[in-house]
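J.: Quick one, my_file_27.cif (mmCIF, C-alpha atoms):
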```cif
data_coords
loop_
_atom_site.label_atom_id
_atom_site.label_comp_id
_atom_site.auth_asym_id
_atom_site.auth_seq_id
_atom_site.Cartn_x
_atom_site.Cartn_y
_atom_site.Cartn_z
CA MET A 1 145.70 109.28 202.82
CA LEU A 2 145.05 112.65 201.16
CA ILE A 3 141.42 111.89 200.32
CA SER A 4 138.98 112.55 203.14
CA GLY A 5 137.19 109.68 204.80
CA LYS A 6 133.82 111.08 203.78
CA VAL A 7 134.77 111.31 200.12
CA GLN A 8 136.26 107.81 200.21
CA LYS A 9 133.01 106.49 201.64
CA ASP A 10 130.88 108.35 199.11
CA MET A 11 133.04 107.17 196.23
CA ALA A 12 132.85 103.57 197.40
CA GLU A 13 129.06 103.74 197.56
CA GLY A 14 129.09 105.50 194.21
CA SER A 15 126.28 106.43 191.92
CA TRP A 16 124.29 103.74 190.17
CA ILE A 17 123.97 106.04 187.18
CA ARG A 18 127.75 106.27 187.00
CA ARG A 19 128.05 102.50 187.29
CA MET A 20 125.64 102.04 184.41
CA PHE A 21 127.62 104.56 182.39
CA GLU A 22 130.77 102.53 182.95
CA GLU A 23 128.98 99.28 182.17
CA GLY A 24 127.64 100.86 179.00
CA ALA A 25 131.14 101.85 177.94
CA ARG A 26 132.32 98.27 178.46
CA LEU A 27 129.44 96.79 176.46
CA LYS A 28 129.85 99.30 173.64
CA ALA A 29 133.54 98.54 173.39
CA ARG A 30 132.76 94.82 173.17
CA TYR A 31 129.67 94.78 170.93
CA GLY A 32 129.72 98.18 169.22
CA ALA A 33 127.71 101.22 170.26
CA GLU A 34 124.99 100.44 167.70
CA ASN A 35 124.31 97.12 169.44
CA VAL A 36 123.88 98.51 172.96
CA PHE A 37 120.56 100.09 173.98
CA ASP A 38 121.41 102.63 176.63
CA LEU A 39 118.38 103.95 178.52
CA SER A 40 120.33 104.73 181.68
CA ILE A 41 121.37 108.37 181.25
CA GLY A 42 119.15 111.45 180.99
CA ASN A 43 121.35 113.02 178.33
CA PRO A 44 119.04 114.33 175.58
CA VAL A 45 119.90 113.45 172.00
CA MET A 46 117.46 116.10 170.80
CA GLU A 47 119.25 119.10 169.33
CA PRO A 48 118.65 122.66 170.57
CA PRO A 49 115.91 124.65 168.80
CA GLU A 50 116.77 126.59 165.66
CA GLU A 51 116.35 129.86 167.58
CA PHE A 52 119.35 128.87 169.69
CA ARG A 53 121.50 128.36 166.60
CA ARG A 54 120.48 131.74 165.23
CA GLN A 55 121.39 133.53 168.45
CA LEU A 56 124.70 131.67 168.69
CA LYS A 57 125.59 132.56 165.10
CA LYS A 58 124.60 136.19 165.64
CA LEU A 59 126.85 136.49 168.68
CA ALA A 60 129.72 134.74 166.93
CA GLU A 61 129.53 137.02 163.92
CA SER A 62 128.78 140.28 165.72
CA PRO A 63 129.89 140.00 169.35
CA PRO A 64 129.02 142.99 171.53
CA SER A 65 131.93 144.73 173.14
CA GLY A 66 132.88 143.15 176.47
CA MET A 67 130.80 140.02 175.86
CA HIS A 68 133.26 137.76 177.68
CA ARG A 69 134.02 139.97 180.67
CA TYR A 70 132.91 139.45 184.25
CA MET A 71 129.44 140.57 185.19
CA GLU A 72 127.51 140.98 188.44
CA ASN A 73 127.66 137.77 190.48
CA ALA A 74 123.89 137.45 190.11
CA GLY A 75 124.26 137.49 186.32
CA TYR A 76 123.60 140.03 183.60
CA ARG A 77 120.74 142.28 184.63
CA GLU A 78 119.29 142.10 181.11
CA THR A 79 119.19 138.30 181.29
CA ARG A 80 117.65 138.29 184.75
CA ALA A 81 115.05 140.79 183.57
CA ALA A 82 114.18 138.54 180.61
CA VAL A 83 113.79 135.53 182.93
CA ALA A 84 111.65 137.59 185.31
CA ALA A 85 109.44 138.85 182.48
CA GLN A 86 108.71 135.31 181.30
CA LEU A 87 107.99 134.10 184.84
CA SER A 88 105.67 137.07 185.35
CA LEU A 89 103.83 136.22 182.15
CA GLU A 90 103.44 132.57 183.13
CA SER A 91 102.50 133.14 186.77
CA GLY A 92 100.76 136.50 186.96
CA ILE A 93 103.23 137.38 189.73
CA ASN A 94 105.39 140.48 189.34
CA PHE A 95 108.94 139.09 189.20
CA THR A 96 111.83 141.47 188.57
CA ALA A 97 115.53 141.04 187.86
CA ASP A 98 116.15 141.39 191.61
CA ASP A 99 114.33 138.08 192.21
CA ILE A 100 116.61 136.09 189.86
CA ILE A 101 120.15 134.72 190.24
CA MET A 102 121.73 133.11 187.17
CA THR A 103 123.59 129.89 188.03
CA CYS A 104 125.64 127.04 186.58
CA GLY A 105 122.60 124.87 185.95
CA ALA A 106 120.06 123.53 188.44
CA ALA A 107 122.78 121.57 190.26
CA GLY A 108 124.75 124.76 190.85
CA ALA A 109 121.55 126.50 191.90
CA LEU A 110 120.69 123.83 194.47
CA ASN A 111 124.16 123.91 195.96
CA VAL A 112 123.96 127.70 196.23
CA VAL A 113 120.58 127.50 197.98
CA LEU A 114 121.62 124.75 200.39
CA LYS A 115 124.93 126.38 201.32
CA THR A 116 123.06 129.60 202.05
CA LEU A 117 120.51 127.86 204.26
CA LEU A 118 122.20 125.12 206.22
CA ASN A 119 123.90 125.06 209.57
CA PRO A 120 125.47 121.73 210.57
CA GLY A 121 122.69 119.36 211.62
CA ASP A 122 119.87 121.24 209.87
CA GLU A 123 117.45 118.91 208.12
CA VAL A 124 116.19 118.95 204.54
CA ILE A 125 113.22 116.75 203.69
CA ILE A 126 113.28 114.88 200.38
CA PHE A 127 110.95 112.20 199.04
CA ALA A 128 111.88 108.80 197.64
CA PRO A 129 112.38 108.17 194.84
CA PHE A 130 114.63 111.21 194.45
CA PHE A 131 117.36 112.52 192.16
CA VAL A 132 120.45 110.63 193.20
CA GLU A 133 122.64 113.65 194.02
CA TYR A 134 120.28 115.34 196.51
CA VAL A 135 121.77 113.52 199.48
CA ASN A 136 125.27 114.52 198.38
CA TYR A 137 124.30 118.15 197.90
CA ILE A 138 122.76 118.32 201.37
CA GLY A 139 125.78 116.55 202.88
CA ASN A 140 128.11 119.05 201.23
CA TYR A 141 127.04 121.58 203.87
CA ASP A 142 126.74 119.16 206.82
CA GLY A 143 122.98 119.01 206.49
CA ILE A 144 120.92 115.91 207.21
CA SER A 145 118.65 114.33 204.60
CA ARG A 146 115.27 113.21 205.93
CA ILE A 147 113.99 110.79 203.31
CA LEU A 148 110.21 110.30 203.31
CA PRO A 149 107.95 107.97 201.30
CA THR A 150 105.61 108.63 198.41
CA ASN A 151 102.37 106.85 197.56
CA ASP A 152 101.77 104.30 194.81
CA HIS A 153 101.63 107.10 192.23
CA PHE A 154 104.88 108.65 193.51
CA ILE A 155 103.18 111.62 195.18
CA PRO A 156 104.76 112.59 198.54
CA ARG A 157 102.77 111.43 201.56
CA LEU A 158 101.66 114.45 203.55
CA ASP A 159 101.04 112.39 206.70
CA ALA A 160 104.71 111.38 206.67
CA LEU A 161 105.74 114.99 206.09
CA GLU A 162 103.64 116.26 208.99
CA ALA A 163 105.16 113.67 211.31
CA ALA A 164 108.74 114.33 210.19
CA ILE A 165 108.96 118.11 210.48
CA ASN A 166 110.69 119.33 213.63
CA LYS A 167 112.65 122.33 214.93
CA LYS A 168 115.66 121.39 212.79
CA THR A 169 113.70 121.27 209.54
CA LYS A 170 115.15 124.00 207.34
CA ALA A 171 113.69 123.13 203.95
CA VAL A 172 111.48 120.78 201.98
CA LEU A 173 112.89 119.90 198.56
CA LEU A 174 110.44 118.88 195.84
CA ASN A 175 111.17 117.77 192.29
CA SER A 176 108.21 118.17 189.95
CA PRO A 177 108.20 117.08 187.16
CA ASN A 178 110.06 114.30 188.87
CA ASN A 179 113.26 112.45 188.12
CA PRO A 180 113.07 109.39 188.12
CA THR A 181 109.29 108.86 187.95
CA GLY A 182 107.93 111.54 185.63
CA ALA A 183 105.26 112.40 188.23
CA VAL A 184 103.83 115.94 188.26
CA TYR A 185 102.49 117.12 191.60
CA GLY A 186 98.97 118.55 191.30
CA GLU A 187 97.50 121.81 192.55
CA ASP A 188 95.59 120.19 195.43
CA PHE A 189 98.72 118.47 196.69
CA ILE A 190 100.80 121.67 196.58
CA HIS A 191 98.04 123.55 198.39
CA GLN A 192 97.82 120.94 201.16
CA LEU A 193 101.59 120.83 201.45
CA GLY A 194 101.63 124.60 201.94
CA GLU A 195 99.07 124.26 204.72
CA VAL A 196 101.22 121.66 206.48
CA LEU A 197 104.31 123.87 206.25
CA ARG A 198 102.52 126.94 207.60
CA ALA A 199 101.07 124.96 210.50
CA LYS A 200 104.50 123.59 211.40
CA GLU A 201 106.11 127.02 211.12
CA LYS A 202 103.56 128.29 213.60
CA GLN A 203 104.04 125.30 215.89
CA TYR A 204 107.83 125.58 216.05
CA LYS A 205 108.11 129.33 215.48
CA THR A 206 110.46 128.73 212.56
CA GLU A 207 110.48 129.34 208.83
CA ILE A 208 110.68 126.44 206.36
CA LEU A 209 111.82 127.09 202.81
CA LEU A 210 110.00 125.21 200.07
CA ILE A 211 112.39 124.50 197.19
CA ASN A 212 111.08 123.10 193.93
CA ASP A 213 113.61 121.68 191.51
CA GLU A 214 111.91 122.41 188.18
CA ALA A 215 114.63 121.28 185.79
CA TYR A 216 111.90 119.62 183.69
CA ARG A 217 109.30 122.37 184.11
CA ARG A 218 108.56 122.69 180.38
CA LEU A 219 108.45 118.94 179.68
CA ILE A 220 104.84 118.22 180.63
CA TYR A 221 102.39 116.10 178.64
CA ASP A 222 98.69 115.60 178.01
CA GLU A 223 98.03 119.37 178.28
CA LEU A 224 98.73 119.35 182.01
CA GLU A 225 99.94 122.51 183.73
CA LEU A 226 102.59 122.76 186.42
CA PRO A 227 101.16 124.26 189.64
CA LEU A 228 102.92 127.32 191.00
CA ILE A 229 104.53 126.74 194.40
CA TRP A 230 104.57 130.51 194.97
CA ARG A 231 100.81 130.67 195.47
CA HIS A 232 100.82 128.06 198.22
CA HIS A 233 103.81 128.89 200.44
CA GLN A 234 105.32 132.31 200.96
CA GLN A 235 108.81 131.04 201.80
CA SER A 236 109.58 129.47 198.45
CA VAL A 237 112.21 129.39 195.74
CA MET A 238 112.45 127.62 192.41
CA VAL A 239 115.63 126.25 190.86
CA THR A 240 115.80 125.25 187.23
CA SER A 241 118.03 124.98 184.18
CA HIS A 242 117.83 125.10 180.40
CA SER A 243 119.42 121.67 180.10
CA LYS A 244 116.14 120.03 179.13
CA ASP A 245 113.83 122.68 177.67
CA LEU A 246 116.55 123.95 175.30
CA ALA A 247 118.56 120.68 175.16
CA LEU A 248 121.68 122.36 176.58
CA PRO A 249 122.84 120.02 179.38
CA GLY A 250 126.51 120.59 178.61
CA GLU A 251 126.23 124.37 178.85
CA ARG A 252 125.33 124.46 182.57
CA ILE A 253 122.97 127.42 182.47
CA GLY A 254 120.11 127.86 184.95
CA TYR A 255 118.76 130.15 187.64
CA ILE A 256 117.21 130.58 191.06
CA ALA A 257 113.90 132.46 191.34
CA VAL A 258 112.86 133.79 194.76
CA TYR A 259 109.20 134.54 195.44
CA PRO A 260 108.93 138.35 195.65
CA GLU A 261 106.74 138.15 198.77
CA CYS A 262 109.13 135.88 200.67
CA SER A 263 109.58 137.42 204.13
CA GLN A 264 113.39 137.17 203.97
CA HIS A 265 113.64 137.87 200.26
CA ASP A 266 116.53 140.34 200.36
CA LYS A 267 118.61 138.30 202.81
CA LEU A 268 118.11 135.16 200.74
CA VAL A 269 119.06 136.88 197.50
CA ASP A 270 122.16 138.39 199.11
CA GLY A 271 123.10 134.98 200.51
CA PHE A 272 122.59 133.27 197.16
CA ILE A 273 124.75 135.84 195.35
CA TYR A 274 127.48 135.49 197.99
CA CYS A 275 127.45 131.68 197.83
CA ASN A 276 127.34 131.71 194.05
CA ARG A 277 130.71 133.46 194.25
CA THR A 278 132.32 131.67 197.19
CA LEU A 279 131.43 128.18 195.95
CA GLY A 280 133.63 128.95 192.97
CA PHE A 281 130.88 129.05 190.35
CA VAL A 282 131.33 132.88 190.33
CA ASN A 283 129.03 133.42 187.35
CA ALA A 284 126.84 131.45 185.02
CA PRO A 285 128.58 131.30 181.60
CA ALA A 286 128.50 134.70 179.88
CA LEU A 287 127.85 133.39 176.35
CA MET A 288 124.87 131.30 177.48
CA GLN A 289 123.43 134.21 179.45
CA HIS A 290 123.52 136.33 176.29
CA ILE A 291 121.76 133.58 174.33
CA VAL A 292 119.04 132.40 176.72
CA ARG A 293 118.04 136.03 177.32
CA HIS A 294 116.29 135.79 173.93
CA LEU A 295 114.90 132.25 174.33
CA GLN A 296 112.73 132.38 177.45
CA SER A 297 109.58 131.45 175.51
CA VAL A 298 111.31 128.81 173.37
CA THR A 299 111.47 125.07 174.03
CA VAL A 300 112.25 121.81 172.28
CA SER A 301 109.45 119.71 170.79
CA ILE A 302 107.25 118.48 173.63
CA ALA A 303 105.22 116.48 171.11
CA GLU A 304 108.34 114.51 170.16
CA TYR A 305 109.02 113.56 173.77
CA GLN A 306 105.37 112.65 174.30
CA LYS A 307 105.53 110.41 171.24
CA LYS A 308 108.55 108.61 172.70
CA ARG A 309 106.83 108.29 176.08
CA ASP A 310 103.69 106.81 174.53
CA PHE A 311 105.65 104.32 172.44
CA LEU A 312 107.72 103.04 175.35
CA PHE A 313 104.85 103.03 177.85
CA GLN A 314 102.50 101.11 175.57
CA SER A 315 105.24 98.65 174.67
CA LEU A 316 106.12 97.91 178.29
CA VAL A 317 102.50 97.57 179.38
CA SER A 318 101.83 95.15 176.53
CA LEU A 319 104.73 93.03 177.80
CA GLY A 320 103.21 92.88 181.30
CA TYR A 321 105.29 95.50 183.10
CA SER A 322 103.69 97.50 185.91
CA VAL A 323 104.44 101.16 185.29
CA ILE A 324 102.79 104.48 186.15
CA LYS A 325 102.44 106.62 183.03
CA PRO A 326 104.77 109.62 183.35
CA GLN A 327 103.20 113.07 183.17
CA GLY A 328 106.45 114.95 182.58
CA ALA A 329 110.26 114.78 182.26
CA PHE A 330 111.63 111.92 180.13
CA TYR A 331 111.88 108.95 182.51
CA MET A 332 109.82 105.89 183.43
CA PHE A 333 110.05 103.98 186.68
CA PRO A 334 108.53 100.49 186.27
CA LYS A 335 108.36 97.87 188.99
CA THR A 336 110.76 94.96 188.85
CA PRO A 337 109.48 91.38 189.20
CA VAL A 338 112.62 90.44 191.19
CA ASP A 339 115.38 92.29 193.02
CA ASP A 340 116.06 95.48 191.06
CA ILE A 341 119.83 94.90 190.76
CA ASP A 342 119.27 91.35 189.54
CA PHE A 343 116.69 92.59 187.04
CA VAL A 344 118.97 95.29 185.66
CA ARG A 345 121.72 92.70 185.27
CA GLU A 346 119.30 90.50 183.37
CA LEU A 347 118.58 93.37 180.97
CA GLN A 348 122.33 93.76 180.46
CA GLU A 349 122.42 90.22 179.08
CA SER A 350 120.42 91.68 176.19
CA ARG A 351 122.64 94.78 176.12
CA VAL A 352 119.88 97.01 177.53
CA LEU A 353 121.04 99.49 180.16
CA ALA A 354 118.76 100.76 182.93
CA VAL A 355 119.34 101.97 186.50
CA PRO A 356 118.15 100.04 189.59
CA GLY A 357 115.61 101.86 191.70
CA ARG A 358 117.70 101.67 194.85
CA GLY A 359 119.96 104.25 193.24
CA PHE A 360 117.04 106.64 193.73
CA GLY A 361 116.09 105.42 197.18
CA ALA A 362 113.38 103.06 195.88
CA PRO A 363 114.36 99.36 195.60
CA GLY A 364 111.99 97.23 193.54
CA TYR A 365 111.88 99.60 190.55
CA PHE A 366 114.16 100.52 187.67
CA ARG A 367 114.61 103.78 185.78
CA ILE A 368 114.73 104.09 182.03
CA SER A 369 115.25 107.28 180.05
CA TYR A 370 113.50 107.89 176.75
CA CYS A 371 115.37 111.05 175.72
CA THR A 372 117.34 108.89 173.31
CA ASP A 373 116.86 108.15 169.61
CA ASP A 374 114.05 105.98 168.31
CA ARG A 375 116.46 103.25 167.16
CA THR A 376 117.61 102.75 170.75
CA LEU A 377 114.04 102.67 172.09
CA GLU A 378 112.92 100.19 169.46
CA GLY A 379 116.04 98.07 169.84
CA SER A 380 115.57 97.77 173.61
CA LEU A 381 112.20 96.05 173.29
CA GLU A 382 113.63 92.61 172.56
CA GLY A 383 115.59 92.73 175.83
CA PHE A 384 112.50 93.82 177.74
CA ARG A 385 110.52 91.01 176.06
CA LYS A 386 113.10 88.39 177.05
CA ALA A 387 113.14 89.58 180.66
CA ALA A 388 109.32 89.66 180.75
CA THR A 389 109.20 86.09 179.46
CA LYS A 390 111.84 84.85 181.91
CA PHE A 391 110.05 86.35 184.91
CA LYS A 392 106.58 85.41 183.61
CA LEU A 393 105.19 88.93 183.25
CA CYS A 394 103.30 87.97 180.11
#
```
Mind turning the file's structure into structure tokens?
T.:
Amino acid sequence: MLISGKVQKDMAEGSWIRRMFEEGARLKARYGAENVFDLSIGNPVMEPPEEFRRQLKKLAESPPSGMHRYMENAGYRETRAAVAAQLSLESGINFTADDIIMTCGAAGALNVVLKTLLNPGDEVIIFAPFFVEYVNYIGNYDGISRILPTNDHFIPRLDALEAAINKKTKAVLLNSPNNPTGAVYGEDFIHQLGEVLRAKEKQYKTEILLINDEAYRRLIYDELELPLIWRHHQQSVMVTSHSKDLALPGERIGYIAVYPECSQHDKLVDGFIYCNRTLGFVNAPALMQHIVRHLQSVTVSIAEYQKKRDFLFQSLVSLGYSVIKPQGAFYMFPKTPVDDIDFVRELQESRVLAVPGRGFGAPGYFRISYCTDDRTLEGSLEGFRKAATKFKLC
């Protein structure tokens, strides 16, 4: 057998998101795409902002000389400087181009960070529910995922974190705003988490990197603000992408930002640049780097996403579903009245697609995405009503 045992095992277990994608394709082929209400995939239907189109047209009509050539492995210095300037403006921290590495999206960024950090057997702490690919990314480099619980509002439990950290703990990986729950971790939580990490570093005489996956950093509602991890733990990096804030998921453009005061800043940056190359990503796409350089203060309509969130949340609550109102991203994570796989299959009877919570390490819930069109959201309600009636939610 040419395929490795590990990959065979991982493929057999599969991704629940992928399974729902395949089920969706089957249902659409049978009933027609307009009659299937797919809330399973976080693939935004919102188009990129007009500023993106203008920059794309400008580059197409008047391309600068050498626009498609190789660049530094960290990315164009002008683009990194633009990213750093916006981060400096938002944070009050003096970021420079030397703190930024352009990457092939947040997924590429996370793989670069984890490859740089991990020796075989090193542990990375993540919190359930979590983005489905985290365990795979950590396993790519022979790391071990330590999966810890969150509370009833999907905030990581600090008592569990304090008990879990040991000499092999290399990093703590957060995701705020969170996929799949939409939770945004508050300032007090981030501050207390920083205190726990510093105490454990002192206890074990190690350094623990705090990584925040901020792929949804601009999608925050109700005038909330995203706390800055930099101010609460010196050893910290942020990974993000423009997949959501500029509606460019297919363009795979993101970056890593390293806190300027990180004690091993230069070694980390050098390691990230090296791994960006040796993993085969080599560079973030040149065209996208030229474009996003001019769009660091631009985002899609947050009000439109908040409108979708409010519609779906109010509809589900009125039907009797138990759901925490998301504060960011574009997902909801309601409780299921029965086994989550059975419940998702029941929704499929009404041609509504969702993802069981166990796919995110949290059985008893299901994830739905509201980054779709209003017709799909509205059309899904009859399926949710039927399931609510069958399981006596209302």
J.: I'd like to see the residues matched by the PyMOL selection byres ((chain A and resi 287) around 12) on this file, and ideally I'd get them as a VMD selection string.
T.: chain A and resid 52 55 to 60 63 to 64 66 to 71 75 to 76 79 251 to 253 283 to 286 288 to 293
J.: Using Å and a single decimal, report how far CA of Lys205 in chain A sits from CA of Ser263 in chain A.
T.: 14.0 Å
J.: For a test of reading the model, state the distance in Å between CA of His232 in chain A and CA of Arg198 in chain A, rounded to one decimal.
T.: 9.6 Å
J.: Determine, counting only C-alpha atoms, which protein, DNA and RNA residues have an atom within 6 Å of an atom of Leu353 in chain A; residues of the same chain fewer than 4 positions away are not included. Present the result as a ChimeraX atom specification.
T.: /A:38-40,348
J.: On this structure, the PyMOL selection byres ((chain A and resi 99-107) around 7) would catch which residues? List them as number ranges by chain, sorted by chain and number.
T.: A: 74-75, 80, 84, 95-98, 108-111, 215, 239-241, 252-258, 260, 273, 281, 283-284
